[in-house]
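Shown here: model22.cif, mmCIF, C-alpha atoms.
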data_coords
#
loop_
_atom_site.label_atom_id
_atom_site.label_comp_id
_atom_site.auth_asym_id
_atom_site.auth_seq_id
_atom_site.Cartn_x
_atom_site.Cartn_y
_atom_site.Cartn_z
CA MET A 35 21.09 5.66 1.53
CA ASP A 36 17.91 6.00 3.55
CA LEU A 37 14.99 3.64 3.12
CA SER A 38 11.98 5.91 3.47
CA LEU A 39 8.20 5.77 3.47
CA THR A 40 6.17 8.81 2.37
CA VAL A 41 2.44 8.80 3.10
CA LEU A 42 0.45 10.06 0.12
CA GLY A 43 -2.88 9.35 1.80
CA CYS A 44 -4.55 6.95 4.22
CA ALA A 45 -8.29 7.74 4.18
CA THR A 46 -10.95 5.04 4.03
CA PRO A 47 -13.18 4.30 2.20
CA TYR A 48 -13.20 7.64 0.34
CA PRO A 49 -10.85 10.64 0.32
CA SER A 50 -11.39 13.66 2.52
CA THR A 51 -10.55 17.23 1.56
CA ASP A 52 -7.00 16.93 2.88
CA ASN A 53 -6.38 13.18 2.81
CA PRO A 54 -6.45 10.89 -0.26
CA CYS A 55 -7.10 7.18 0.13
CA SER A 56 -4.34 4.64 0.73
CA GLY A 57 -1.09 5.27 -1.10
CA TYR A 58 2.58 5.41 -0.20
CA LEU A 59 5.91 6.07 -1.85
CA VAL A 60 8.81 3.83 -0.82
CA SER A 61 12.22 5.23 -1.71
CA HIS A 62 15.80 4.01 -1.47
CA GLY A 63 18.47 5.88 -3.39
CA ASP A 64 17.16 6.23 -6.93
CA THR A 65 14.54 3.48 -6.52
CA ARG A 66 10.90 4.52 -6.23
CA VAL A 67 7.89 2.24 -5.64
CA TRP A 68 4.29 3.50 -5.50
CA MET A 69 2.68 1.18 -2.96
CA ASP A 70 -1.10 1.16 -3.34
CA ALA A 71 -2.75 3.69 -5.66
CA GLY A 72 -5.88 4.68 -3.78
CA THR A 73 -8.25 7.41 -4.87
CA GLY A 74 -6.49 10.77 -5.10
CA THR A 75 -2.92 9.60 -4.50
CA LEU A 76 -1.54 10.30 -7.98
CA GLY A 77 -1.59 14.04 -7.27
CA PRO A 78 0.59 14.04 -4.14
CA LEU A 79 2.81 11.32 -5.63
CA GLN A 80 4.00 13.93 -8.13
CA ARG A 81 5.24 16.18 -5.32
CA HIS A 82 7.93 13.57 -4.72
CA THR A 83 8.55 11.82 -8.03
CA ARG A 84 7.41 11.78 -11.64
CA LEU A 85 5.57 8.86 -13.19
CA GLU A 86 8.53 8.64 -15.58
CA ASP A 87 10.82 7.89 -12.64
CA LEU A 88 8.80 5.16 -10.94
CA ASP A 89 10.48 1.77 -10.84
CA ALA A 90 7.28 -0.12 -10.02
CA ILE A 91 3.77 0.02 -8.63
CA TRP A 92 2.66 -2.55 -6.02
CA ILE A 93 -1.06 -3.05 -5.26
CA SER A 94 -2.27 -4.92 -2.16
CA HIS A 95 -5.83 -5.64 -3.35
CA LEU A 96 -8.43 -4.38 -5.79
CA HIS A 97 -10.75 -2.32 -3.62
CA ALA A 98 -11.00 1.18 -5.08
CA ASP A 99 -9.51 2.95 -2.07
CA HIS A 100 -6.26 1.09 -2.82
CA SER A 101 -6.24 0.91 -6.61
CA ALA A 102 -8.51 3.49 -8.29
CA ASP A 103 -5.74 5.89 -9.33
CA LEU A 104 -4.34 3.23 -11.63
CA LEU A 105 -7.12 4.39 -13.94
CA THR A 106 -5.85 7.96 -14.12
CA ALA A 107 -2.25 6.75 -14.25
CA TYR A 108 -3.21 4.75 -17.35
CA TYR A 109 -4.33 7.90 -19.14
CA ALA A 110 -1.21 9.76 -18.03
CA LEU A 111 1.06 7.00 -19.32
CA LEU A 112 -0.60 6.58 -22.72
CA PHE A 113 -2.33 9.82 -23.68
CA ALA A 114 -0.56 12.73 -22.01
CA ASP A 115 2.92 14.14 -21.54
CA VAL A 116 4.47 11.10 -19.84
CA SER A 117 6.89 9.16 -22.02
CA ARG A 118 8.29 5.86 -20.79
CA PRO A 119 8.04 2.08 -21.28
CA PRO A 120 5.26 0.24 -19.44
CA VAL A 121 5.56 0.60 -15.66
CA PRO A 122 6.08 -2.71 -13.82
CA LEU A 123 2.85 -3.34 -11.92
CA TYR A 124 2.57 -6.01 -9.23
CA GLY A 125 -1.00 -6.76 -8.23
CA PRO A 126 -3.57 -9.40 -7.33
CA PRO A 127 -4.74 -12.00 -9.87
CA GLY A 128 -7.12 -10.53 -12.42
CA ILE A 129 -5.85 -6.95 -12.11
CA ALA A 130 -5.41 -6.50 -15.89
CA ASP A 131 -8.95 -7.59 -16.71
CA ARG A 132 -10.35 -5.48 -13.86
CA LEU A 133 -8.67 -2.38 -15.29
CA ALA A 134 -9.73 -3.26 -18.83
CA GLY A 135 -13.30 -3.75 -17.69
CA PHE A 136 -13.47 -0.15 -16.59
CA LEU A 137 -11.30 1.46 -19.26
CA THR A 138 -12.64 -0.29 -22.37
CA ASN A 139 -15.33 1.82 -24.05
CA GLY A 140 -15.90 -0.04 -27.30
CA PRO A 141 -15.43 -3.40 -29.02
CA VAL A 142 -11.63 -3.30 -28.72
CA ARG A 143 -10.08 -3.97 -25.30
CA SER A 144 -8.09 -1.02 -23.95
CA PRO A 145 -4.33 -1.67 -24.22
CA ILE A 146 -3.69 -2.05 -20.49
CA GLU A 147 -0.38 -3.82 -21.12
CA ASP A 148 0.93 -0.81 -23.08
CA ALA A 149 0.81 1.19 -19.84
CA PHE A 150 1.64 -1.50 -17.28
CA ALA A 151 3.94 -4.53 -17.37
CA ILE A 152 1.80 -6.69 -15.09
CA THR A 153 2.96 -9.43 -12.72
CA GLU A 154 0.25 -11.18 -10.71
CA LEU A 155 1.07 -11.65 -7.04
CA HIS A 156 0.82 -14.89 -5.08
CA ASP A 157 1.68 -15.96 -1.57
CA GLY A 158 5.46 -16.02 -1.26
CA HIS A 159 6.08 -13.96 -4.42
CA GLN A 160 9.49 -12.27 -4.46
CA ALA A 161 10.80 -9.52 -6.71
CA THR A 162 13.80 -7.25 -6.98
CA VAL A 163 12.97 -3.66 -7.91
CA GLY A 164 16.06 -1.51 -8.25
CA SER A 165 17.80 -1.69 -4.87
CA LEU A 166 14.71 -3.08 -3.11
CA ARG A 167 13.70 -6.66 -2.36
CA LEU A 168 9.93 -7.24 -2.15
CA THR A 169 8.40 -10.30 -0.49
CA THR A 170 4.63 -10.74 -0.66
CA ALA A 171 2.37 -12.78 1.62
CA ALA A 172 -1.34 -13.53 1.33
CA VAL A 173 -3.45 -11.97 4.10
CA GLU A 174 -7.10 -12.25 5.18
CA HIS A 175 -9.47 -9.68 3.71
CA GLY A 176 -12.22 -11.74 2.10
CA ILE A 177 -10.81 -11.22 -1.40
CA PRO A 178 -7.31 -11.87 -2.79
CA ALA A 179 -5.17 -9.50 -0.71
CA PHE A 180 -1.52 -9.24 0.17
CA GLY A 181 0.97 -7.66 2.52
CA VAL A 182 4.54 -6.89 1.53
CA ARG A 183 7.95 -6.72 3.19
CA ILE A 184 10.41 -4.36 1.51
CA GLU A 185 14.11 -4.66 2.33
CA ALA A 186 17.27 -2.75 1.48
CA GLU A 187 20.71 -2.79 3.07
CA GLY A 188 19.58 -4.69 6.15
CA ARG A 189 16.54 -2.48 6.83
CA SER A 190 12.94 -3.49 6.36
CA LEU A 191 9.46 -2.04 6.07
CA THR A 192 6.39 -4.27 6.24
CA TYR A 193 2.96 -3.13 5.02
CA SER A 194 -0.20 -4.97 6.00
CA GLY A 195 -2.44 -3.91 3.13
CA ASP A 196 -6.01 -4.48 4.33
CA THR A 197 -6.43 -7.56 6.49
CA ALA A 198 -7.81 -9.01 9.65
CA ALA A 199 -5.18 -9.99 12.20
CA CYS A 200 -3.50 -13.14 10.88
CA GLN A 201 -0.40 -15.21 11.48
CA SER A 202 0.86 -14.74 7.94
CA LEU A 203 1.25 -11.00 8.56
CA VAL A 204 3.03 -11.64 11.85
CA GLU A 205 5.50 -13.93 10.09
CA LEU A 206 6.00 -11.48 7.21
CA ALA A 207 6.75 -8.70 9.70
CA ARG A 208 9.01 -10.75 11.97
CA GLY A 209 11.80 -8.45 13.21
CA THR A 210 10.89 -5.66 10.76
CA ASP A 211 12.12 -2.15 11.48
CA VAL A 212 8.77 -0.51 10.69
CA LEU A 213 5.33 -2.10 10.49
CA LEU A 214 2.80 0.00 8.57
CA CYS A 215 -0.43 -1.59 9.74
CA GLU A 216 -4.05 -0.77 9.04
CA ALA A 217 -6.39 -0.05 11.97
CA GLU A 218 -9.76 0.43 10.32
CA SER A 219 -12.13 -1.35 12.70
CA THR A 220 -13.43 0.19 15.90
CA GLU A 221 -14.31 -3.13 17.50
CA LYS A 222 -14.19 -6.89 17.01
CA THR A 223 -16.91 -8.51 14.90
CA PRO A 224 -17.47 -12.15 13.87
CA ASP A 225 -16.49 -11.46 10.25
CA MET A 226 -13.37 -9.34 10.72
CA ALA A 227 -11.68 -8.10 7.54
CA HIS A 228 -9.55 -5.40 9.20
CA HIS A 229 -7.41 -4.78 12.27
CA THR A 230 -8.64 -2.86 15.27
CA PRO A 231 -5.97 -0.58 16.77
CA GLU A 232 -5.48 -3.20 19.48
CA ASP A 233 -4.96 -5.84 16.80
CA ALA A 234 -2.33 -3.61 15.17
CA GLY A 235 -0.52 -3.31 18.47
CA GLU A 236 -0.66 -7.04 19.05
CA THR A 237 0.58 -7.81 15.53
CA ALA A 238 3.53 -5.44 16.01
CA SER A 239 4.29 -6.97 19.41
CA GLN A 240 4.09 -10.57 18.20
CA ALA A 241 6.29 -9.77 15.21
CA GLY A 242 8.90 -7.95 17.29
CA ALA A 243 8.62 -4.89 15.06
CA GLY A 244 10.88 -1.99 15.89
CA ARG A 245 8.20 0.64 15.29
CA LEU A 246 4.49 0.69 14.47
CA VAL A 247 2.80 3.17 12.14
CA VAL A 248 -0.99 2.85 12.14
CA THR A 249 -2.77 3.72 8.92
CA HIS A 250 -6.17 3.37 7.21
CA VAL A 251 -7.84 4.46 10.46
CA GLY A 252 -11.62 4.18 10.21
CA ARG A 253 -13.97 7.14 10.09
CA PHE A 254 -15.29 6.45 13.59
CA LEU A 255 -11.83 6.72 15.18
CA SER A 256 -9.47 9.67 15.47
CA PRO A 257 -5.78 9.10 14.74
CA GLN A 258 -5.04 9.97 18.37
CA GLU A 259 -7.47 7.30 19.59
CA ALA A 260 -5.98 4.73 17.24
CA VAL A 261 -2.44 5.46 18.42
CA ALA A 262 -3.46 5.31 22.08
CA ARG A 263 -5.34 2.04 21.66
CA ALA A 264 -2.50 0.43 19.71
CA SER A 265 0.01 1.60 22.33
CA ALA A 266 -1.89 -0.33 24.99
CA ARG A 267 -0.82 -3.57 23.24
CA TYR A 268 2.63 -2.60 21.95
CA ALA A 269 5.51 -1.20 23.99
CA GLY A 270 7.41 0.39 21.11
CA GLN A 271 6.94 3.71 19.33
CA VAL A 272 3.55 4.16 17.68
CA ASP A 273 2.85 6.85 15.09
CA HIS A 274 0.01 7.70 12.76
CA ALA A 275 0.49 7.72 8.97
CA ALA A 276 -0.53 11.34 8.53
CA PRO A 277 -0.62 12.38 4.86
CA GLY A 278 2.55 14.14 3.77
CA THR A 279 4.68 12.52 6.49
CA THR A 280 7.95 10.81 5.57
CA PHE A 281 9.30 8.10 7.88
CA THR A 282 12.92 6.93 7.75
CA VAL A 283 13.15 3.17 8.17
CA GLY A 284 15.80 1.81 10.54
#
Represent the supplied structure as structure tokens.
Amino acid sequence: MDLSLTVLGCATPYPSTDNPCSGYLVSHGDTRVWMDAGTGTLGPLQRHTRLEDLDAIWISHLHADHSADLLTAYYALLFADVSRPPVPLYGPPGIADRLAGFLTNGPVRSPIEDAFAITELHDGHQATVGSLRLTTAAVEHGIPAFGVRIEAEGRSLTYSGDTAACQSLVELARGTDVLLCEAESTEKTPDMAHHTPEDAGETASQAGAGRLVVTHVGRFLSPQEAVARASARYAGQVDHAAPGTTFTVG
């Protein structure tokens, strides 16, 4: 069985006409995980799987370009034609109250837990979802934020979420087959909260990753520029996470 990554979108900080915000589908056999639910990703998700067939949702952090489509998924799960038990949802601390704060429109709190079976992430959190093993590590983004390593049958995919370059991501990605790494920043600043493309290349190189896929490329960079700049710091294959692309891991 292939371990695969399908890019639903990678735009930041808002969707473009042909590119939703950050969202990915990780698949292995019959197991399906929606990894980040950025603005506009629920639509293309349904080209590949139904909400009924998801095994879990994993959210790196609570910025809207990574989590906003949880709001529309909530309505689909409770008030439309989708019939299933609550979807396991792994997300940062406080995710349930954050969703309820938006979705509650009266004196009674919206029943978030009827749609999602929520587990709050922490550094070192591990979970088994179907045939997949998920290991989470805290990363550096100025708010609670996480990266994840997903493994199946000896193959591994590591996703940075949003983060400045940090040792915890290097360790999480050590020896990974594919590193999906953000490259939002055009240049270094004193208060970095993202990778530059060069940072992404260096992270992949330090981790010994087998392949680098740059994603979440900022609006002042083209994908081609990001790939070229990352390639200057990493000797392996570098690709861009173009929406609609499926990568086979390993």
**Asked** Hey, what's within 12 Å of Ser256 (chain A) if we count only C-alpha atoms and toss same-chain stuff fewer than 2 positions away? As a ChimeraX atom specification, please?
**Response** /A:45,217-220,231,248-254,258-263,274,276
Within 12 Å of region 48-66 of chain A: each region 113-230 of chain A residue with its shortest pair, all atoms listed in the file, as JSON lines:
{"residue": "A:Val121", "atom": "CA", "partner": "A:Arg66", "partner_atom": "CA", "distance": 11.5}
{"residue": "A:Pro122", "atom": "CA", "partner": "A:Arg66", "partner_atom": "CA", "distance": 11.5}
{"residue": "A:Thr162", "atom": "CA", "partner": "A:Thr65", "partner_atom": "CA", "distance": 10.8}
{"residue": "A:Val163", "atom": "CA", "partner": "A:Thr65", "partner_atom": "CA", "distance": 7.4}
{"residue": "A:Gly164", "atom": "CA", "partner": "A:Thr65", "partner_atom": "CA", "distance": 5.5}
{"residue": "A:Ser165", "atom": "CA", "partner": "A:Thr65", "partner_atom": "CA", "distance": 6.3}
{"residue": "A:Leu166", "atom": "CA", "partner": "A:His62", "partner_atom": "CA", "distance": 7.4}
{"residue": "A:Arg167", "atom": "CA", "partner": "A:His62", "partner_atom": "CA", "distance": 10.9}
{"residue": "A:Leu168", "atom": "CA", "partner": "A:Val60", "partner_atom": "CA", "distance": 11.2}
{"residue": "A:Val182", "atom": "CA", "partner": "A:Val60", "partner_atom": "CA", "distance": 11.8}
{"residue": "A:Arg183", "atom": "CA", "partner": "A:Val60", "partner_atom": "CA", "distance": 11.3}
{"residue": "A:Ile184", "atom": "CA", "partner": "A:Val60", "partner_atom": "CA", "distance": 8.7}
{"residue": "A:Glu185", "atom": "CA", "partner": "A:His62", "partner_atom": "CA", "distance": 9.6}
{"residue": "A:Ala186", "atom": "CA", "partner": "A:His62", "partner_atom": "CA", "distance": 7.5}
{"residue": "A:Glu187", "atom": "CA", "partner": "A:His62", "partner_atom": "CA", "distance": 9.5}
{"residue": "A:Arg189", "atom": "CA", "partner": "A:His62", "partner_atom": "CA", "distance": 10.6}
{"residue": "A:Ser190", "atom": "CA", "partner": "A:Val60", "partner_atom": "CA", "distance": 11.1}
{"residue": "A:Leu191", "atom": "CA", "partner": "A:Val60", "partner_atom": "CA", "distance": 9.1}
{"residue": "A:Thr192", "atom": "CA", "partner": "A:Val60", "partner_atom": "CA", "distance": 11.0}
{"residue": "A:Tyr193", "atom": "CA", "partner": "A:Tyr58", "partner_atom": "CA", "distance": 10.0}
{"residue": "A:Ser194", "atom": "CA", "partner": "A:Ser56", "partner_atom": "CA", "distance": 11.7}
{"residue": "A:Gly195", "atom": "CA", "partner": "A:Ser56", "partner_atom": "CA", "distance": 9.1}
{"residue": "A:Asp196", "atom": "CA", "partner": "A:Ser56", "partner_atom": "CA", "distance": 9.9}
{"residue": "A:Leu214", "atom": "CA", "partner": "A:Tyr58", "partner_atom": "CA", "distance": 10.3}
{"residue": "A:Cys215", "atom": "CA", "partner": "A:Ser56", "partner_atom": "CA", "distance": 11.6}
{"residue": "A:Glu216", "atom": "CA", "partner": "A:Ser56", "partner_atom": "CA", "distance": 9.9}
{"residue": "A:Glu218", "atom": "CA", "partner": "A:Ser56", "partner_atom": "CA", "distance": 11.8}
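Taking CA of Tyr108 (chain A) and CA of Pro277 (chain A) as endpoints, the distance between them is 23.6 Å.
Each of A:Gly128, A:Ser202, A:Pro120, A:Thr169 was checked against Glu147 (chain A) using all atoms listed in the file; the smallest atom-to-atom distance is that of A:Pro120.
Residues lying within 8 Å of Arg245 (chain A), counting only C-alpha atoms and ignoring same-chain neighbours fewer than 6 positions away, are Asp211, Val212, Leu213, Ala238, Gly270, Gln271 and Val272 of chain A.
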Would you export the selected residues with C-alpha atoms as a CSV table (one decimal), in the frame of the given file, please?
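Okay, this is what ended up in out05.csv:
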chain,number,residue,atom,x,y,z
A,211,ASP,CA,12.1,-2.2,11.5
A,212,VAL,CA,8.8,-0.5,10.7
A,213,LEU,CA,5.3,-2.1,10.5
A,238,ALA,CA,3.5,-5.4,16.0
A,270,GLY,CA,7.4,0.4,21.1
A,271,GLN,CA,6.9,3.7,19.3
A,272,VAL,CA,3.6,4.2,17.7
**Request:** Just give me the residues with any atom within 10 Å of (-7.9, -3.5, -19.8), file coordinates, counting only C-alpha atoms, written as a list of chain:residue names.
**Result:** A:Leu105, A:Tyr108, A:Ile129, A:Ala130, A:Asp131, A:Arg132, A:Leu133, A:Ala134, A:Gly135, A:Phe136, A:Leu137, A:Thr138, A:Val142, A:Arg143, A:Ser144, A:Pro145, A:Ile146, A:Glu147, A:Asp148, A:Ala149
Can you spell out as a JSON list (two decimals) with C-alpha atoms, keeping the file's coordinate frame the set of residues that the PyMOL selection byres ((chain A and resi 81) around 12) selects in the structure I just provided?
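Final file, selection_37.json:
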[["chain", "number", "residue", "atom", "x", "y", "z"],
["A", 40, "THR", "CA", 6.17, 8.81, 2.37],
["A", 41, "VAL", "CA", 2.44, 8.80, 3.10],
["A", 42, "LEU", "CA", 0.45, 10.06, 0.12],
["A", 59, "LEU", "CA", 5.91, 6.07, -1.85],
["A", 75, "THR", "CA", -2.92, 9.60, -4.50],
["A", 76, "LEU", "CA", -1.54, 10.30, -7.98],
["A", 77, "GLY", "CA", -1.59, 14.04, -7.27],
["A", 78, "PRO", "CA", 0.59, 14.04, -4.14],
["A", 79, "LEU", "CA", 2.81, 11.32, -5.63],
["A", 80, "GLN", "CA", 4.00, 13.93, -8.13],
["A", 82, "HIS", "CA", 7.93, 13.57, -4.72],
["A", 83, "THR", "CA", 8.55, 11.82, -8.03],
["A", 84, "ARG", "CA", 7.41, 11.78, -11.64],
["A", 85, "LEU", "CA", 5.57, 8.86, -13.19],
["A", 278, "GLY", "CA", 2.55, 14.14, 3.77]]
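With distances restricted to only C-alpha atoms, A:Leu88 is the closest residue to Pro119 (chain A) from A:Leu88, A:Val204, A:Val283, A:Ile177.
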**Complete:** Counting all atoms listed in the file, the residue among A:Ala98, A:Asp273, A:Gln201, A:Pro224 that lies closest to Gln240 (chain A) is A:Gln201
**Request:** Find the distance between CA of Ser94 (chain A) and CA of Gly209 (chain A) and write it in Å to one decimal.
**Result:** 21.1 Å
**Request:** Rank nothing, just name the residue among A:Leu96, A:Leu155, A:Ala179, A:Ala107 nearest to Thr197 (chain A), using only C-alpha atoms.
**Result:** A:Ala179
**Fill in**
One decimal place gives the CA of Thr280 (chain A)-CA of Asp89 (chain A) separation as 18.9 Å
Excluding Glu154 (chain A) and any residue of its chain fewer than 5 positions from it, enumerate the residues within 6 Å of it, using only C-alpha atoms, and give them as a tab-separated table (two decimals) with C-alpha atoms, in the coordinates of the input.
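Writing the result to selection_20.tsv gives the following:
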chain	number	residue	atom	x	y	z
A	124	TYR	CA	2.57	-6.01	-9.23
A	125	GLY	CA	-1.00	-6.76	-8.23
A	126	PRO	CA	-3.57	-9.40	-7.33
A	127	PRO	CA	-4.74	-12.00	-9.87
**Message:** Env of Gly176 (chain A): 10 Å cut, atoms = only C-alpha atoms, seq-sep filter 5 positions within chain, self excluded. Answer as a VMD selection string.
**Reply:** chain A and resid 196 to 198 225 to 228
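The shortest atom-to-atom distance to Leu246 (chain A), with all atoms listed in the file taken into account, belongs to A:Phe281 out of A:Phe180, A:Trp68, A:Trp92, A:Phe281.
Between His229 (chain A) and the residues A:His175, A:Ala207, A:Asp70, A:Ala241, the shortest atom-to-atom distance, using only C-alpha atoms, involves A:His175.
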**Message:** Show me the residues around (10.0, -7.5, 14.9) - criterion: an atom at most 6 Å away, all atoms listed in the file counted - as JSON, numbers by chain.
**Reply:** {"A": [208, 209, 210, 241, 242, 243, 244]}
Output C-alpha atoms for every residue in the selection just made, as a short mmCIF file (atom, residue, chain, number, x, y, z; two decimals), keeping the file's coordinate frame.
data_model
loop_
_atom_site.label_atom_id
_atom_site.label_comp_id
_atom_site.auth_asym_id
_atom_site.auth_seq_id
_atom_site.Cartn_x
_atom_site.Cartn_y
_atom_site.Cartn_z
CA ARG A 208 9.01 -10.75 11.97
CA GLY A 209 11.80 -8.45 13.21
CA THR A 210 10.89 -5.66 10.76
CA ALA A 241 6.29 -9.77 15.21
CA GLY A 242 8.90 -7.95 17.29
CA ALA A 243 8.62 -4.89 15.06
CA GLY A 244 10.88 -1.99 15.89
#
